[in-house]
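Read through the structure below, which is laid out as structure tokens, and then see the notes.
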Amino acid sequence: MRVQVMSHQVPDTIERKLLIHAPIERVFQAVREDLLGKTVGNLAPDSHVHFDFGEWGRTSVHVIAYEPPTYVAYRWVPGNIFEGDIYAKGSTLVEFRLQEVEGGTEFHLRESGFASLPTEMFKDAMENN
């Protein structure tokens, strides 16, 4: 999908799919521990938590869905570490979907909402994804 913003075409969504040769529980554990960082707060729908990435810092997120081991969705400020009200700054929706398939687990990452970001955030967000 492409959205036209101020007469320029910009991508709204970034998606990646991979086949990982491992059981779904192991892939979900890797998502939970490696991609989400250490969670400060309760990973439950409609909760506001922080993902702690150690030396890189903490970032605020709003958990939309948490359904182990198949689905995680949250909103955050893309591009940089950010603590505060993500809705006041501009945010994207990140979704991790996992599905058991023959030979392992299909990993699907989707981040959407880039076209709705303030102009000054858009370039930085796209460069960091």
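By order in the structure tokens, chains are A, B, ...; within a chain, residues start at 1; ligands start at 1, following the order shown.
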Contact residues around Ile64 of chain A with only C-alpha atoms at 10 Å, ignoring same-chain residues under 3 positions, as a list in words: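 So, after excluding close chain neighbours, the residues are Leu43, Ala44, Pro45, Asp46, Ser47, His48, Val61, Val72, Ala73, Tyr74, Arg75, Leu93, Val94 and Glu95 of chain A.
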Those selected residues, please, written with N, CA, C and O atoms and delivered as an mmCIF file, in the first residue's frame.
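See selection_11.cif below for the written result:
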```
data_model
loop_
_atom_site.group_PDB
_atom_site.id
_atom_site.type_symbol
_atom_site.label_atom_id
_atom_site.label_comp_id
_atom_site.auth_asym_id
_atom_site.auth_seq_id
_atom_site.Cartn_x
_atom_site.Cartn_y
_atom_site.Cartn_z
ATOM 1 N N LEU A 43 3.318 -7.061 29.990
ATOM 2 C CA LEU A 43 2.971 -7.219 28.577
ATOM 3 C C LEU A 43 1.543 -7.743 28.477
ATOM 4 O O LEU A 43 1.318 -8.940 28.367
ATOM 5 N N ALA A 44 0.591 -6.846 28.541
ATOM 6 C CA ALA A 44 -0.822 -7.210 28.429
ATOM 7 C C ALA A 44 -1.484 -6.189 27.509
ATOM 8 O O ALA A 44 -1.040 -5.038 27.421
ATOM 9 N N PRO A 45 -2.534 -6.614 26.800
ATOM 10 C CA PRO A 45 -3.213 -5.666 25.909
ATOM 11 C C PRO A 45 -3.603 -4.381 26.640
ATOM 12 O O PRO A 45 -4.037 -4.408 27.787
ATOM 13 N N ASP A 46 -3.397 -3.267 25.954
ATOM 14 C CA ASP A 46 -3.700 -1.915 26.421
ATOM 15 C C ASP A 46 -2.809 -1.426 27.566
ATOM 16 O O ASP A 46 -3.139 -0.488 28.267
ATOM 17 N N SER A 47 -1.657 -2.078 27.747
ATOM 18 C CA SER A 47 -0.728 -1.602 28.775
ATOM 19 C C SER A 47 0.346 -0.712 28.139
ATOM 20 O O SER A 47 0.659 -0.831 26.967
ATOM 21 N N HIS A 48 0.873 0.180 28.939
ATOM 22 C CA HIS A 48 1.971 1.056 28.520
ATOM 23 C C HIS A 48 3.210 0.583 29.266
ATOM 24 O O HIS A 48 3.235 0.580 30.493
ATOM 25 N N VAL A 61 6.292 2.015 24.818
ATOM 26 C CA VAL A 61 5.402 1.344 23.870
ATOM 27 C C VAL A 61 4.015 1.200 24.483
ATOM 28 O O VAL A 61 3.857 1.195 25.702
ATOM 29 N N VAL A 72 2.177 -10.663 18.605
ATOM 30 C CA VAL A 72 2.470 -9.517 19.466
ATOM 31 C C VAL A 72 2.280 -8.269 18.616
ATOM 32 O O VAL A 72 2.747 -8.211 17.472
ATOM 33 N N ALA A 73 1.589 -7.280 19.161
ATOM 34 C CA ALA A 73 1.416 -6.004 18.452
ATOM 35 C C ALA A 73 1.568 -4.859 19.450
ATOM 36 O O ALA A 73 1.066 -4.933 20.576
ATOM 37 N N TYR A 74 2.284 -3.827 19.020
ATOM 38 C CA TYR A 74 2.448 -2.649 19.867
ATOM 39 C C TYR A 74 2.660 -1.413 19.000
ATOM 40 O O TYR A 74 3.034 -1.499 17.838
ATOM 41 N N ARG A 75 2.415 -0.259 19.583
ATOM 42 C CA ARG A 75 2.705 1.016 18.934
ATOM 43 C C ARG A 75 3.916 1.619 19.633
ATOM 44 O O ARG A 75 4.069 1.495 20.845
ATOM 45 N N LEU A 93 2.603 1.046 14.113
ATOM 46 C CA LEU A 93 2.145 -0.217 14.673
ATOM 47 C C LEU A 93 3.099 -1.320 14.224
ATOM 48 O O LEU A 93 3.328 -1.500 13.024
ATOM 49 N N VAL A 94 3.662 -2.053 15.184
ATOM 50 C CA VAL A 94 4.568 -3.169 14.900
ATOM 51 C C VAL A 94 3.829 -4.457 15.245
ATOM 52 O O VAL A 94 3.257 -4.573 16.327
ATOM 53 N N GLU A 95 3.858 -5.413 14.306
ATOM 54 C CA GLU A 95 3.198 -6.698 14.536
ATOM 55 C C GLU A 95 4.159 -7.835 14.227
ATOM 56 O O GLU A 95 4.811 -7.837 13.186
#
```
For Phe107 of chain A: contacts at 7 Å, only C-alpha atoms, fewer than 3 positions along chain excluded, given as an mmCIF file with C-alpha atoms, in the first residue's frame:
```
data_model
loop_
_atom_site.group_PDB
_atom_site.id
_atom_site.type_symbol
_atom_site.label_atom_id
_atom_site.label_comp_id
_atom_site.auth_asym_id
_atom_site.auth_seq_id
_atom_site.Cartn_x
_atom_site.Cartn_y
_atom_site.Cartn_z
ATOM 1 C CA LYS A 17 8.668 -12.861 6.117
ATOM 2 C CA LEU A 18 11.135 -15.572 7.014
ATOM 3 C CA LEU A 19 11.044 -19.315 7.462
ATOM 4 C CA ILE A 20 12.946 -20.149 10.626
ATOM 5 C CA ARG A 97 3.035 -13.058 13.674
ATOM 6 C CA LEU A 98 4.346 -16.579 14.068
ATOM 7 C CA GLN A 99 2.843 -19.668 12.463
#
```
Can you pull out every residue from segment 60-109 of chain A that DSSP, working from the backbone, puts in strand (DSSP E or B), and format the result as a PyMOL selection string? chain A and resi 60-67+71-76+92-101+104-109
Since we have the selection now, will you write its residues out, keeping N, CA and C atoms, as a tab-separated table (two decimals), in the first residue's frame?
```
chain	number	residue	atom	x	y	z
A	60	SER	N	9.37	3.79	25.07
A	60	SER	CA	7.98	3.61	25.49
A	60	SER	C	7.18	2.91	24.40
A	61	VAL	N	6.29	2.02	24.82
A	61	VAL	CA	5.40	1.34	23.87
A	61	VAL	C	4.01	1.20	24.48
A	62	HIS	N	3.02	1.09	23.62
A	62	HIS	CA	1.65	0.78	24.03
A	62	HIS	C	1.33	-0.60	23.45
A	63	VAL	N	1.13	-1.58	24.31
A	63	VAL	CA	0.86	-2.95	23.87
A	63	VAL	C	-0.58	-3.01	23.36
A	64	ILE	N	-0.75	-3.45	22.13
A	64	ILE	CA	-2.06	-3.60	21.51
A	64	ILE	C	-2.57	-5.02	21.71
A	65	ALA	N	-1.70	-6.01	21.49
A	65	ALA	CA	-2.08	-7.43	21.65
A	65	ALA	C	-0.86	-8.22	22.09
A	66	TYR	N	-1.09	-9.22	22.92
A	66	TYR	CA	-0.04	-10.13	23.36
A	66	TYR	C	-0.65	-11.52	23.48
A	67	GLU	N	-0.37	-12.36	22.47
A	67	GLU	CA	-0.97	-13.68	22.37
A	67	GLU	C	0.11	-14.74	22.11
A	71	TYR	N	1.36	-14.10	18.34
A	71	TYR	CA	1.12	-12.71	17.91
A	71	TYR	C	1.47	-11.72	19.01
A	72	VAL	N	2.18	-10.66	18.60
A	72	VAL	CA	2.47	-9.52	19.47
A	72	VAL	C	2.28	-8.27	18.62
A	73	ALA	N	1.59	-7.28	19.16
A	73	ALA	CA	1.42	-6.00	18.45
A	73	ALA	C	1.57	-4.86	19.45
A	74	TYR	N	2.28	-3.83	19.02
A	74	TYR	CA	2.45	-2.65	19.87
A	74	TYR	C	2.66	-1.41	19.00
A	75	ARG	N	2.42	-0.26	19.58
A	75	ARG	CA	2.71	1.02	18.93
A	75	ARG	C	3.92	1.62	19.63
A	76	TRP	N	4.75	2.29	18.83
A	76	TRP	CA	5.94	2.94	19.38
A	76	TRP	C	6.35	4.08	18.48
A	92	THR	N	4.07	4.20	15.07
A	92	THR	CA	3.75	3.17	14.09
A	92	THR	C	3.29	1.93	14.84
A	93	LEU	N	2.60	1.05	14.11
A	93	LEU	CA	2.15	-0.22	14.67
A	93	LEU	C	3.10	-1.32	14.22
A	94	VAL	N	3.66	-2.05	15.18
A	94	VAL	CA	4.57	-3.17	14.90
A	94	VAL	C	3.83	-4.46	15.24
A	95	GLU	N	3.86	-5.41	14.31
A	95	GLU	CA	3.20	-6.70	14.54
A	95	GLU	C	4.16	-7.83	14.23
A	96	PHE	N	4.24	-8.78	15.14
A	96	PHE	CA	4.98	-10.02	14.95
A	96	PHE	C	3.95	-11.14	14.90
A	97	ARG	N	3.92	-11.89	13.80
A	97	ARG	CA	3.03	-13.06	13.67
A	97	ARG	C	3.90	-14.28	13.44
A	98	LEU	N	3.63	-15.32	14.20
A	98	LEU	CA	4.35	-16.58	14.07
A	98	LEU	C	3.34	-17.67	13.76
A	99	GLN	N	3.72	-18.56	12.84
A	99	GLN	CA	2.84	-19.67	12.46
A	99	GLN	C	3.68	-20.91	12.26
A	100	GLU	N	3.24	-22.01	12.87
A	100	GLU	CA	3.91	-23.29	12.63
A	100	GLU	C	3.65	-23.73	11.21
A	101	VAL	N	4.70	-24.09	10.51
A	101	VAL	CA	4.60	-24.60	9.14
A	101	VAL	C	5.54	-25.79	9.03
A	104	GLY	N	9.37	-25.74	10.26
A	104	GLY	CA	9.70	-24.75	11.28
A	104	GLY	C	8.59	-23.76	11.55
A	105	THR	N	8.97	-22.49	11.58
A	105	THR	CA	8.05	-21.41	11.94
A	105	THR	C	8.16	-20.29	10.92
A	106	GLU	N	7.00	-19.86	10.42
A	106	GLU	CA	6.99	-18.66	9.57
A	106	GLU	C	6.93	-17.45	10.49
A	107	PHE	N	7.89	-16.56	10.29
A	107	PHE	CA	8.02	-15.31	11.06
A	107	PHE	C	7.61	-14.17	10.14
A	108	HIS	N	6.61	-13.40	10.54
A	108	HIS	CA	6.13	-12.28	9.72
A	108	HIS	C	6.18	-11.02	10.58
A	109	LEU	N	6.98	-10.08	10.15
A	109	LEU	CA	7.10	-8.78	10.82
A	109	LEU	C	6.48	-7.73	9.93
```
Near segment 118-125 of chain A, within 12 Å and counting only C-alpha atoms, which residues show up once chain neighbours fewer than 5 positions away are dropped, as an MDAnalysis selection string? chainID A and resid 5:6 8 10:14 76:81 87:92 111:113
Could those selected residues go to a file with N, CA, C and O atoms, as a PDB file, in the first residue's frame?
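Result file follows (part-v1.pdb):
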```
ATOM      1  N   VAL A   5       1.183  11.761   0.421  1.00  0.00           N
ATOM      2  CA  VAL A   5       1.266  12.794   1.446  1.00  0.00           C
ATOM      3  C   VAL A   5       1.943  14.008   0.833  1.00  0.00           C
ATOM      4  O   VAL A   5       3.054  13.911   0.329  1.00  0.00           O
ATOM      5  N   MET A   6       1.291  15.151   0.861  1.00  0.00           N
ATOM      6  CA  MET A   6       1.838  16.399   0.331  1.00  0.00           C
ATOM      7  C   MET A   6       2.460  16.202  -1.045  1.00  0.00           C
ATOM      8  O   MET A   6       3.604  16.560  -1.272  1.00  0.00           O
ATOM      9  N   HIS A   8       3.756  13.714  -2.519  1.00  0.00           N
ATOM     10  CA  HIS A   8       4.851  12.758  -2.652  1.00  0.00           C
ATOM     11  C   HIS A   8       4.338  11.383  -2.267  1.00  0.00           C
ATOM     12  O   HIS A   8       3.618  11.227  -1.302  1.00  0.00           O
ATOM     13  N   VAL A  10       4.827   7.997  -0.473  1.00  0.00           N
ATOM     14  CA  VAL A  10       5.675   7.457   0.582  1.00  0.00           C
ATOM     15  C   VAL A  10       5.161   6.075   0.988  1.00  0.00           C
ATOM     16  O   VAL A  10       3.962   5.833   0.986  1.00  0.00           O
ATOM     17  N   PRO A  11       6.055   5.174   1.315  1.00  0.00           N
ATOM     18  CA  PRO A  11       5.606   3.859   1.776  1.00  0.00           C
ATOM     19  C   PRO A  11       5.002   3.976   3.169  1.00  0.00           C
ATOM     20  O   PRO A  11       5.473   4.748   3.997  1.00  0.00           O
ATOM     21  N   ASP A  12       3.927   3.227   3.397  1.00  0.00           N
ATOM     22  CA  ASP A  12       3.276   3.242   4.704  1.00  0.00           C
ATOM     23  C   ASP A  12       3.642   2.015   5.526  1.00  0.00           C
ATOM     24  O   ASP A  12       3.557   2.049   6.739  1.00  0.00           O
ATOM     25  N   THR A  13       4.065   0.943   4.864  1.00  0.00           N
ATOM     26  CA  THR A  13       4.263  -0.334   5.547  1.00  0.00           C
ATOM     27  C   THR A  13       5.570  -0.991   5.112  1.00  0.00           C
ATOM     28  O   THR A  13       5.919  -0.966   3.941  1.00  0.00           O
ATOM     29  N   ILE A  14       6.252  -1.591   6.082  1.00  0.00           N
ATOM     30  CA  ILE A  14       7.423  -2.418   5.823  1.00  0.00           C
ATOM     31  C   ILE A  14       7.083  -3.816   6.320  1.00  0.00           C
ATOM     32  O   ILE A  14       6.600  -3.972   7.446  1.00  0.00           O
ATOM     33  N   TRP A  76       4.752   2.285  18.835  1.00  0.00           N
ATOM     34  CA  TRP A  76       5.940   2.936  19.380  1.00  0.00           C
ATOM     35  C   TRP A  76       6.349   4.083  18.479  1.00  0.00           C
ATOM     36  O   TRP A  76       5.813   4.257  17.390  1.00  0.00           O
ATOM     37  N   VAL A  77       7.325   4.856  18.936  1.00  0.00           N
ATOM     38  CA  VAL A  77       7.903   5.922  18.132  1.00  0.00           C
ATOM     39  C   VAL A  77       9.084   5.296  17.386  1.00  0.00           C
ATOM     40  O   VAL A  77      10.060   4.883  18.005  1.00  0.00           O
ATOM     41  N   PRO A  78       8.983   5.179  16.054  1.00  0.00           N
ATOM     42  CA  PRO A  78      10.048   4.511  15.306  1.00  0.00           C
ATOM     43  C   PRO A  78      11.271   5.393  15.120  1.00  0.00           C
ATOM     44  O   PRO A  78      11.197   6.616  15.209  1.00  0.00           O
ATOM     45  N   GLY A  79      12.401   4.741  14.877  1.00  0.00           N
ATOM     46  CA  GLY A  79      13.601   5.472  14.494  1.00  0.00           C
ATOM     47  C   GLY A  79      14.581   5.721  15.605  1.00  0.00           C
ATOM     48  O   GLY A  79      15.782   5.629  15.402  1.00  0.00           O
ATOM     49  N   ASN A  80      14.102   6.040  16.783  1.00  0.00           N
ATOM     50  CA  ASN A  80      14.988   6.372  17.891  1.00  0.00           C
ATOM     51  C   ASN A  80      14.415   5.874  19.203  1.00  0.00           C
ATOM     52  O   ASN A  80      13.230   5.586  19.310  1.00  0.00           O
ATOM     53  N   ILE A  81      15.259   5.826  20.216  1.00  0.00           N
ATOM     54  CA  ILE A  81      14.802   5.529  21.565  1.00  0.00           C
ATOM     55  C   ILE A  81      13.973   6.731  22.028  1.00  0.00           C
ATOM     56  O   ILE A  81      14.375   7.881  21.865  1.00  0.00           O
ATOM     57  N   TYR A  87       1.725   8.810  21.536  1.00  0.00           N
ATOM     58  CA  TYR A  87       0.658   9.344  20.693  1.00  0.00           C
ATOM     59  C   TYR A  87       0.821  10.842  20.445  1.00  0.00           C
ATOM     60  O   TYR A  87       0.364  11.354  19.438  1.00  0.00           O
ATOM     61  N   ALA A  88       1.493  11.529  21.336  1.00  0.00           N
ATOM     62  CA  ALA A  88       1.759  12.956  21.135  1.00  0.00           C
ATOM     63  C   ALA A  88       2.893  13.165  20.136  1.00  0.00           C
ATOM     64  O   ALA A  88       2.971  14.193  19.473  1.00  0.00           O
ATOM     65  N   LYS A  89       3.767  12.177  20.002  1.00  0.00           N
ATOM     66  CA  LYS A  89       4.945  12.293  19.148  1.00  0.00           C
ATOM     67  C   LYS A  89       4.683  11.791  17.723  1.00  0.00           C
ATOM     68  O   LYS A  89       5.175  12.365  16.768  1.00  0.00           O
ATOM     69  N   GLY A  90       3.926  10.732  17.585  1.00  0.00           N
ATOM     70  CA  GLY A  90       3.716  10.057  16.302  1.00  0.00           C
ATOM     71  C   GLY A  90       4.220   8.637  16.434  1.00  0.00           C
ATOM     72  O   GLY A  90       5.320   8.421  16.929  1.00  0.00           O
ATOM     73  N   SER A  91       3.425   7.648  16.038  1.00  0.00           N
ATOM     74  CA  SER A  91       3.811   6.261  16.272  1.00  0.00           C
ATOM     75  C   SER A  91       3.458   5.372  15.082  1.00  0.00           C
ATOM     76  O   SER A  91       2.669   5.753  14.220  1.00  0.00           O
ATOM     77  N   THR A  92       4.070   4.203  15.067  1.00  0.00           N
ATOM     78  CA  THR A  92       3.745   3.169  14.090  1.00  0.00           C
ATOM     79  C   THR A  92       3.285   1.926  14.843  1.00  0.00           C
ATOM     80  O   THR A  92       3.552   1.766  16.041  1.00  0.00           O
ATOM     81  N   GLU A 111       5.420  -3.487  10.032  1.00  0.00           N
ATOM     82  CA  GLU A 111       5.345  -2.190  10.712  1.00  0.00           C
ATOM     83  C   GLU A 111       4.617  -1.243   9.776  1.00  0.00           C
ATOM     84  O   GLU A 111       5.001  -1.081   8.620  1.00  0.00           O
ATOM     85  N   SER A 112       3.559  -0.623  10.275  1.00  0.00           N
ATOM     86  CA  SER A 112       2.724   0.234   9.437  1.00  0.00           C
ATOM     87  C   SER A 112       2.444   1.568  10.127  1.00  0.00           C
ATOM     88  O   SER A 112       2.580   1.698  11.331  1.00  0.00           O
ATOM     89  N   GLY A 113       2.068   2.536   9.305  1.00  0.00           N
ATOM     90  CA  GLY A 113       1.733   3.858   9.816  1.00  0.00           C
ATOM     91  C   GLY A 113       2.773   4.922   9.521  1.00  0.00           C
ATOM     92  O   GLY A 113       2.673   6.052   9.999  1.00  0.00           O
TER      93      GLY A 113
END
```
Quick one: of A:Phe82, A:Pro69, A:His50, A:Gly57, who's nearest to Arg26 of chain A, counting only C-alpha atoms?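 Smallest separation from Arg26 of chain A among the options: A:Pro69.
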What does the structure give for the distance between atom CA of Gln29 of chain A and atom CA of Pro68 of chain A, in Å to one decimal?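 Taking atom CA of Gln29 of chain A as the start and atom CA of Pro68 of chain A as the end point, the length is 9.3 Å.
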List the spatial neighbours of Glu33 of chain A as a JSON list (two decimals) with N, CA, C and O atoms, in the first residue's frame - criterion: any atom at most 12 Å away, only C-alpha atoms, same-chain residues fewer than 6 positions off excluded.
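The result, stored in part.json:
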```json
[["chain", "number", "residue", "atom", "x", "y", "z"],
["A", 26, "ARG", "N", 10.39, -21.65, 20.51],
["A", 26, "ARG", "CA", 11.77, -21.13, 20.53],
["A", 26, "ARG", "C", 11.86, -19.80, 19.78],
["A", 26, "ARG", "O", 12.55, -18.87, 20.21],
["A", 27, "VAL", "N", 11.15, -19.69, 18.65],
["A", 27, "VAL", "CA", 11.14, -18.43, 17.89],
["A", 27, "VAL", "C", 10.47, -17.34, 18.71],
["A", 27, "VAL", "O", 10.96, -16.21, 18.78],
["A", 39, "THR", "N", 11.48, -6.20, 29.10],
["A", 39, "THR", "CA", 10.25, -5.43, 29.27],
["A", 39, "THR", "C", 10.14, -4.92, 30.69],
["A", 39, "THR", "O", 10.27, -5.68, 31.64],
["A", 51, "PHE", "N", 10.45, -0.98, 26.67],
["A", 51, "PHE", "CA", 11.39, -2.01, 26.25],
["A", 51, "PHE", "C", 12.77, -1.45, 26.55],
["A", 51, "PHE", "O", 13.12, -0.36, 26.10],
["A", 52, "ASP", "N", 13.55, -2.19, 27.34],
["A", 52, "ASP", "CA", 14.87, -1.75, 27.75],
["A", 52, "ASP", "C", 15.91, -2.47, 26.89],
["A", 52, "ASP", "O", 16.03, -3.69, 26.95],
["A", 53, "PHE", "N", 16.66, -1.70, 26.09],
["A", 53, "PHE", "CA", 17.65, -2.26, 25.21],
["A", 53, "PHE", "C", 19.07, -2.03, 25.74],
["A", 53, "PHE", "O", 20.02, -1.87, 24.98]]
```
Gap from atom CA of Ala22 of chain A to atom CA of Gly103 of chain A - Å, one decimal: 7.7 Å
List every residue of segment 9-88 of chain A that DSSP, applied to the backbone of this structure, assigns to alpha helix (DSSP H), and report them as JSON, numbers by chain. {"A": [24, 25, 26, 27, 28, 29, 30, 86, 87, 88]}
Residue subset to file, keeping all heavy atoms, as a PDB file, in the first residue's frame:
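Result file is selection-v1.pdb:
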```pdb
ATOM      1  N   ILE A  24       8.013 -23.112  17.103  1.00  0.00           N
ATOM      2  CA  ILE A  24       7.393 -21.815  17.332  1.00  0.00           C
ATOM      3  C   ILE A  24       7.706 -21.262  18.726  1.00  0.00           C
ATOM      4  O   ILE A  24       7.918 -20.062  18.887  1.00  0.00           O
ATOM      5  CB  ILE A  24       5.869 -21.868  17.071  1.00  0.00           C
ATOM      6  CG1 ILE A  24       5.289 -20.455  16.986  1.00  0.00           C
ATOM      7  CG2 ILE A  24       5.162 -22.741  18.098  1.00  0.00           C
ATOM      8  CD1 ILE A  24       3.849 -20.422  16.472  1.00  0.00           C
ATOM      9  N   GLU A  25       7.760 -22.117  19.729  1.00  0.00           N
ATOM     10  CA  GLU A  25       8.040 -21.651  21.096  1.00  0.00           C
ATOM     11  C   GLU A  25       9.438 -21.041  21.191  1.00  0.00           C
ATOM     12  O   GLU A  25       9.642 -20.036  21.866  1.00  0.00           O
ATOM     13  CB  GLU A  25       7.898 -22.801  22.110  1.00  0.00           C
ATOM     14  CG  GLU A  25       6.487 -23.302  22.278  1.00  0.00           C
ATOM     15  CD  GLU A  25       6.053 -24.295  21.198  1.00  0.00           C
ATOM     16  OE1 GLU A  25       6.911 -24.772  20.406  1.00  0.00           O
ATOM     17  OE2 GLU A  25       4.836 -24.592  21.133  1.00  0.00           O
ATOM     18  N   ARG A  26      10.387 -21.650  20.508  1.00  0.00           N
ATOM     19  CA  ARG A  26      11.766 -21.129  20.528  1.00  0.00           C
ATOM     20  C   ARG A  26      11.861 -19.803  19.778  1.00  0.00           C
ATOM     21  O   ARG A  26      12.553 -18.874  20.207  1.00  0.00           O
ATOM     22  CB  ARG A  26      12.708 -22.163  19.919  1.00  0.00           C
ATOM     23  CG  ARG A  26      14.155 -21.810  20.103  1.00  0.00           C
ATOM     24  CD  ARG A  26      15.023 -23.001  19.834  1.00  0.00           C
ATOM     25  NE  ARG A  26      16.284 -22.550  19.297  1.00  0.00           N
ATOM     26  CZ  ARG A  26      17.024 -23.244  18.464  1.00  0.00           C
ATOM     27  NH1 ARG A  26      16.649 -24.436  18.065  1.00  0.00           N
ATOM     28  NH2 ARG A  26      18.148 -22.752  18.024  1.00  0.00           N
ATOM     29  N   VAL A  27      11.149 -19.688  18.655  1.00  0.00           N
ATOM     30  CA  VAL A  27      11.144 -18.434  17.894  1.00  0.00           C
ATOM     31  C   VAL A  27      10.470 -17.341  18.712  1.00  0.00           C
ATOM     32  O   VAL A  27      10.960 -16.213  18.780  1.00  0.00           O
ATOM     33  CB  VAL A  27      10.461 -18.618  16.524  1.00  0.00           C
ATOM     34  CG1 VAL A  27      10.367 -17.293  15.787  1.00  0.00           C
ATOM     35  CG2 VAL A  27      11.209 -19.653  15.693  1.00  0.00           C
ATOM     36  N   PHE A  28       9.352 -17.673  19.365  1.00  0.00           N
ATOM     37  CA  PHE A  28       8.668 -16.674  20.187  1.00  0.00           C
ATOM     38  C   PHE A  28       9.566 -16.201  21.325  1.00  0.00           C
ATOM     39  O   PHE A  28       9.625 -15.009  21.625  1.00  0.00           O
ATOM     40  CB  PHE A  28       7.350 -17.215  20.741  1.00  0.00           C
ATOM     41  CG  PHE A  28       6.590 -16.166  21.488  1.00  0.00           C
ATOM     42  CD1 PHE A  28       5.819 -15.234  20.806  1.00  0.00           C
ATOM     43  CD2 PHE A  28       6.665 -16.065  22.867  1.00  0.00           C
ATOM     44  CE1 PHE A  28       5.143 -14.237  21.483  1.00  0.00           C
ATOM     45  CE2 PHE A  28       5.994 -15.072  23.554  1.00  0.00           C
ATOM     46  CZ  PHE A  28       5.223 -14.154  22.859  1.00  0.00           C
ATOM     47  N   GLN A  29      10.284 -17.123  21.934  1.00  0.00           N
ATOM     48  CA  GLN A  29      11.219 -16.753  23.006  1.00  0.00           C
ATOM     49  C   GLN A  29      12.272 -15.776  22.481  1.00  0.00           C
ATOM     50  O   GLN A  29      12.620 -14.800  23.151  1.00  0.00           O
ATOM     51  CB  GLN A  29      11.889 -17.992  23.592  1.00  0.00           C
ATOM     52  CG  GLN A  29      12.849 -17.669  24.718  1.00  0.00           C
ATOM     53  CD  GLN A  29      13.506 -18.918  25.281  1.00  0.00           C
ATOM     54  OE1 GLN A  29      13.244 -20.053  24.852  1.00  0.00           O
ATOM     55  NE2 GLN A  29      14.384 -18.724  26.250  1.00  0.00           N
ATOM     56  N   ALA A  30      12.772 -16.009  21.279  1.00  0.00           N
ATOM     57  CA  ALA A  30      13.763 -15.104  20.693  1.00  0.00           C
ATOM     58  C   ALA A  30      13.149 -13.728  20.426  1.00  0.00           C
ATOM     59  O   ALA A  30      13.785 -12.704  20.680  1.00  0.00           O
ATOM     60  CB  ALA A  30      14.332 -15.692  19.407  1.00  0.00           C
ATOM     61  N   ILE A  86       3.752   8.360  23.347  1.00  0.00           N
ATOM     62  CA  ILE A  86       3.998   8.025  21.947  1.00  0.00           C
ATOM     63  C   ILE A  86       2.937   8.617  21.027  1.00  0.00           C
ATOM     64  O   ILE A  86       3.209   8.894  19.872  1.00  0.00           O
ATOM     65  CB  ILE A  86       4.109   6.504  21.718  1.00  0.00           C
ATOM     66  CG1 ILE A  86       2.802   5.794  22.056  1.00  0.00           C
ATOM     67  CG2 ILE A  86       5.276   5.932  22.490  1.00  0.00           C
ATOM     68  CD1 ILE A  86       2.750   4.358  21.625  1.00  0.00           C
ATOM     69  N   TYR A  87       1.725   8.810  21.536  1.00  0.00           N
ATOM     70  CA  TYR A  87       0.658   9.344  20.693  1.00  0.00           C
ATOM     71  C   TYR A  87       0.821  10.842  20.445  1.00  0.00           C
ATOM     72  O   TYR A  87       0.364  11.354  19.438  1.00  0.00           O
ATOM     73  CB  TYR A  87      -0.709   9.006  21.288  1.00  0.00           C
ATOM     74  CG  TYR A  87      -0.974   7.523  21.232  1.00  0.00           C
ATOM     75  CD1 TYR A  87      -0.870   6.729  22.365  1.00  0.00           C
ATOM     76  CD2 TYR A  87      -1.281   6.898  20.028  1.00  0.00           C
ATOM     77  CE1 TYR A  87      -1.086   5.357  22.304  1.00  0.00           C
ATOM     78  CE2 TYR A  87      -1.500   5.537  19.950  1.00  0.00           C
ATOM     79  CZ  TYR A  87      -1.403   4.778  21.093  1.00  0.00           C
ATOM     80  OH  TYR A  87      -1.610   3.415  21.026  1.00  0.00           O
ATOM     81  N   ALA A  88       1.493  11.529  21.336  1.00  0.00           N
ATOM     82  CA  ALA A  88       1.759  12.956  21.135  1.00  0.00           C
ATOM     83  C   ALA A  88       2.893  13.165  20.136  1.00  0.00           C
ATOM     84  O   ALA A  88       2.971  14.193  19.473  1.00  0.00           O
ATOM     85  CB  ALA A  88       2.109  13.617  22.470  1.00  0.00           C
TER      86      ALA A  88
END
```
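Distance annotation: of A:Asn128, A:Thr70, A:Leu117, A:Asp85, the residue with the minimal separation from Pro23 of chain A is A:Thr70; atom set is only C-alpha atoms.
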Using atom CA of Gly37 of chain A and atom CA of Arg58 of chain A as the two end points, give the distance in Å to one decimal. 8.9 Å
